[in-house]
Amino acid sequence: MKEGTRKEDRRSAVVTGCTSGLGRSLFRKFSGEGWHVTGCGRRVDLLDSLRTECGPDAVTVPCDIRLENHVSALRRAVETTAGHIDVLVLNAGALGQLPLPGFLATSVMELRKLYETNVFANFTVVKALSGLLRDGAVIAHITSDASRIPYEGWAGYGSSKAAFNLAVDVLNLELRGRNIRALNVDPGDMDTEMHRLAVPDADASKLKKPDDAASEIYRLIVSLKGE
Ligand SMILES: NC(=O)c1ccc[n+]([C@@H]2O[C@H](COP(=O)([O-])OP(=O)(O)OC[C@H]3O[C@@H](n4cnc5c(N)ncnc54)[C@H](OP(=O)(O)O)[C@@H]3O)[C@@H](O)[C@H]2O)c1
C-alpha cells in the first residue's frame, strides 16, 4: 500500500486466471494503473513471478476456482489486503477436450469438467466475493464469440460460455439495487496458450496481443465506472 493512501481510497481489482494470456496482461494493466490487484491461478511459479514483477500491491493466491476452499482463501486474501473490490474480472477459462471434437465425438465426462470451470466455478467465485463488491463495482465475464456463433468443434466450449453469459445478464439485473454492473466481454481472438491449443495452425501475426486486449478491456471498465 502506497504511503499516505488509505485502504478504502484505493481502487481494487480481482482477476481470476492471471498466470498466463489475457489474465496476466489484465493483472499487469490494473497494477500499472495504480490499482491494488489480487489474482489467482493454479501454476504457482507463474503467480510468484507476476507478484515479483508487479510489486507490493500485487497479491497472488494459488487457487483452483473449482474448489470452494480455494475460493474462500482468495476471498480472505482480498479481505485482509484491499478489503473491498471495485472490479472483478472472471477471466479463468477452460477449453475442454482436445483436439476440439465434433458434437457427436464429445465426451460427456470431459464436458462436465469444462462446465465445472466455465460455469460452476464462476458461480462459486461471484457468490464468495459478492459481499466485498463496493458501490459502483463492475463484474466482467470474459466470454467468446463462440458463445454466439456456431463454429464446428466448439459446441462444448461455446455452450459453456453461453450458459454463463445468460447468468451474468441475470446477475446484472439483480445487482442494480447495489449499483453494480455485470457484463460479458468478448476479447476477440488472441495469441495465447489457449488459442494455440485450440487452433495450432493459426497465423499468430493475425491474432490480437493479450496486452492490447487487456488495454481495451481496462478502458471499457473504467468508462463504465465513469472514470
Ligand atoms: N485466446 C482467445 O482467442 C480467446 C478468445 C475469446 C475468449 N477467450 C477467453 O479468455 C480467457 C483467458 O484465456 P487465454 O486465451 O488468456 O488463455 P490462457 O493463457 O490459457 O489462460 C487461461 C487462464 O485461466 C486460468 N485457469 C484455468 N482454469 C483455472 C482454474 N480451474 N482455476 C484457476 N485458474 C484457472 C489459467 O491458470 P492456471 O492454469 O495457472 O490455473 C490461466 O491463467 C478465457 O476465459 C478464454 O475462454 C480467449
# chains A, B, ... in the order shown; residues from 1 in each chain; ligands from 1
>>> closest_atom_pairs(of="chain A", to="ligand 1", cutoff="7 Å", atoms="only C-alpha atoms and all ligand atoms", output="CSV")
residue,atom,partner,partner_atom_place_in_ligand_line,distance
A:Thr16,CA,ligand 1,34 (N),6.0
A:Gly17,CA,ligand 1,25 (C),3.5
A:Cys18,CA,ligand 1,43 (O),4.4
A:Thr19,CA,ligand 1,43 (O),3.9
A:Ser20,CA,ligand 1,19 (O),4.3
A:Gly21,CA,ligand 1,16 (O),3.4
A:Leu22,CA,ligand 1,16 (O),3.8
A:Gly23,CA,ligand 1,16 (O),5.7
A:Arg24,CA,ligand 1,43 (O),6.8
A:Cys40,CA,ligand 1,33 (C),6.1
A:Gly41,CA,ligand 1,34 (N),3.9
A:Arg42,CA,ligand 1,41 (O),3.6
A:Arg43,CA,ligand 1,40 (O),3.9
A:Cys63,CA,ligand 1,33 (C),5.6
A:Asp64,CA,ligand 1,32 (N),3.5
A:Ile65,CA,ligand 1,32 (N),4.0
A:Arg66,CA,ligand 1,31 (N),5.3
A:Asn91,CA,ligand 1,45 (O),4.6
A:Ala92,CA,ligand 1,24 (O),3.5
A:Gly93,CA,ligand 1,45 (O),3.6
A:Ala94,CA,ligand 1,27 (C),5.3
A:Leu95,CA,ligand 1,47 (O),6.7
A:Thr117,CA,ligand 1,31 (N),5.5
A:Ile142,CA,ligand 1,45 (O),5.2
A:Thr143,CA,ligand 1,7 (C),5.1
A:Ser144,CA,ligand 1,6 (C),4.0
A:Asp145,CA,ligand 1,6 (C),6.5
A:Asp186,CA,ligand 1,6 (C),5.9
A:Pro187,CA,ligand 1,6 (C),5.5
A:Gly188,CA,ligand 1,5 (C),5.1
A:Asp189,CA,ligand 1,3 (O),3.4
A:Met190,CA,ligand 1,3 (O),3.9
A:Asp191,CA,ligand 1,1 (N),6.0
A:Thr192,CA,ligand 1,15 (O),4.8
A:Glu193,CA,ligand 1,19 (O),4.5
A:Met194,CA,ligand 1,20 (O),4.0
A:His195,CA,ligand 1,1 (N),4.5
A:Pro210,CA,ligand 1,16 (O),7.0
>>> residues_around(residues="A:Leu88", least_positions_apart="3", cutoff="9 Å", atoms="only C-alpha atoms", output="number ranges by chain")
A: 12-16, 85, 126, 129, 133, 137-141
>>> write_last_selection(atoms="N, CA and C atoms", output="JSON list (two decimals), in the first residue's frame")
[["chain", "number", "residue", "atom", "x", "y", "z"],
["A", 12, "SER", "N", -9.54, -1.37, -6.16],
["A", 12, "SER", "CA", -9.11, -2.76, -6.03],
["A", 12, "SER", "C", -9.75, -3.63, -7.11],
["A", 13, "ALA", "N", -8.91, -4.39, -7.80],
["A", 13, "ALA", "CA", -9.40, -5.32, -8.84],
["A", 13, "ALA", "C", -9.01, -6.74, -8.49],
["A", 14, "VAL", "N", -9.87, -7.68, -8.88],
["A", 14, "VAL", "CA", -9.56, -9.10, -8.75],
["A", 14, "VAL", "C", -9.65, -9.72, -10.14],
["A", 15, "VAL", "N", -8.62, -10.49, -10.50],
["A", 15, "VAL", "CA", -8.59, -11.13, -11.83],
["A", 15, "VAL", "C", -8.39, -12.63, -11.62],
["A", 16, "THR", "N", -9.33, -13.44, -12.06],
["A", 16, "THR", "CA", -9.12, -14.88, -11.96],
["A", 16, "THR", "C", -8.33, -15.35, -13.19],
["A", 85, "ILE", "N", -13.73, -4.76, -3.28],
["A", 85, "ILE", "CA", -13.50, -5.00, -4.71],
["A", 85, "ILE", "C", -14.27, -3.95, -5.52],
["A", 126, "VAL", "N", -18.26, -15.67, -7.84],
["A", 126, "VAL", "CA", -19.13, -14.49, -7.66],
["A", 126, "VAL", "C", -19.82, -14.55, -6.30],
["A", 129, "LEU", "N", -17.31, -13.76, -3.46],
["A", 129, "LEU", "CA", -16.73, -12.41, -3.40],
["A", 129, "LEU", "C", -17.78, -11.30, -3.38],
["A", 133, "LEU", "N", -17.94, -6.52, -2.92],
["A", 133, "LEU", "CA", -18.10, -5.57, -4.04],
["A", 133, "LEU", "C", -18.64, -4.25, -3.51],
["A", 137, "ALA", "N", -19.28, -1.04, -8.41],
["A", 137, "ALA", "CA", -18.37, -2.09, -8.90],
["A", 137, "ALA", "C", -18.81, -2.64, -10.25],
["A", 138, "VAL", "N", -17.83, -3.23, -10.97],
["A", 138, "VAL", "CA", -18.10, -3.85, -12.26],
["A", 138, "VAL", "C", -17.60, -5.30, -12.21],
["A", 139, "ILE", "N", -18.46, -6.22, -12.66],
["A", 139, "ILE", "CA", -18.06, -7.62, -12.83],
["A", 139, "ILE", "C", -17.98, -7.87, -14.33],
["A", 140, "ALA", "N", -16.80, -8.27, -14.81],
["A", 140, "ALA", "CA", -16.64, -8.52, -16.26],
["A", 140, "ALA", "C", -16.34, -10.00, -16.48],
["A", 141, "HIS", "N", -17.24, -10.68, -17.16],
["A", 141, "HIS", "CA", -17.03, -12.09, -17.51],
["A", 141, "HIS", "C", -16.41, -12.14, -18.89]]
>>> closest_residue(among="A:Glu79, A:Asp9, A:Asp203, A:Asp211", to="A:Leu132", atoms="only C-alpha atoms")
A:Glu79
>>> atom_distance(atom1="atom CA of A:Ala214", atom2="atom CA of A:Ser25")
5.8 Å
>>> closest_residue(among="A:Lys208, A:Arg76, A:Arg219, A:Lys161", to="A:Glu116", atoms="only C-alpha atoms")
A:Lys161
>>> closest_residue(among="A:Thr5, A:Arg75, A:Ser159, A:Glu110", to="A:Ser147", atoms="only C-alpha atoms")
A:Ser159
>>> residues_around(residues="stretch 60-62 of chain A", least_positions_apart="2", cutoff="7 Å", atoms="only C-alpha atoms", output="list in words")
Thr38, Gly39, Cys40, Gly41, Arg42, Val44, Leu47, Arg51, Ala58 and Leu74 of chain A
>>> atom_distance(atom1="atom CA of A:Asn165", atom2="atom CA of A:Met109")
22.3 Å
>>> closest_residue(among="A:Ala82, A:Ala155, A:Leu224, A:Leu26", to="A:Asn179", atoms="only C-alpha atoms")
A:Leu224
>>> atom_distance(atom1="atom CA of A:Tyr218", atom2="atom CA of A:His36")
14.1 Å
>>> select_by_dssp(residues="stretch 78-219 of chain A", states="alpha helix (DSSP H)", output="PyMOL selection string")
chain A and resi 78-80+108-115+122-129+155-174+193-198+210-219
>>> residues_around(residues="A:Pro99", least_positions_apart="2", cutoff="8 Å", atoms="only C-alpha atoms", output="ChimeraX atom specification")
/A:97,101,197-198
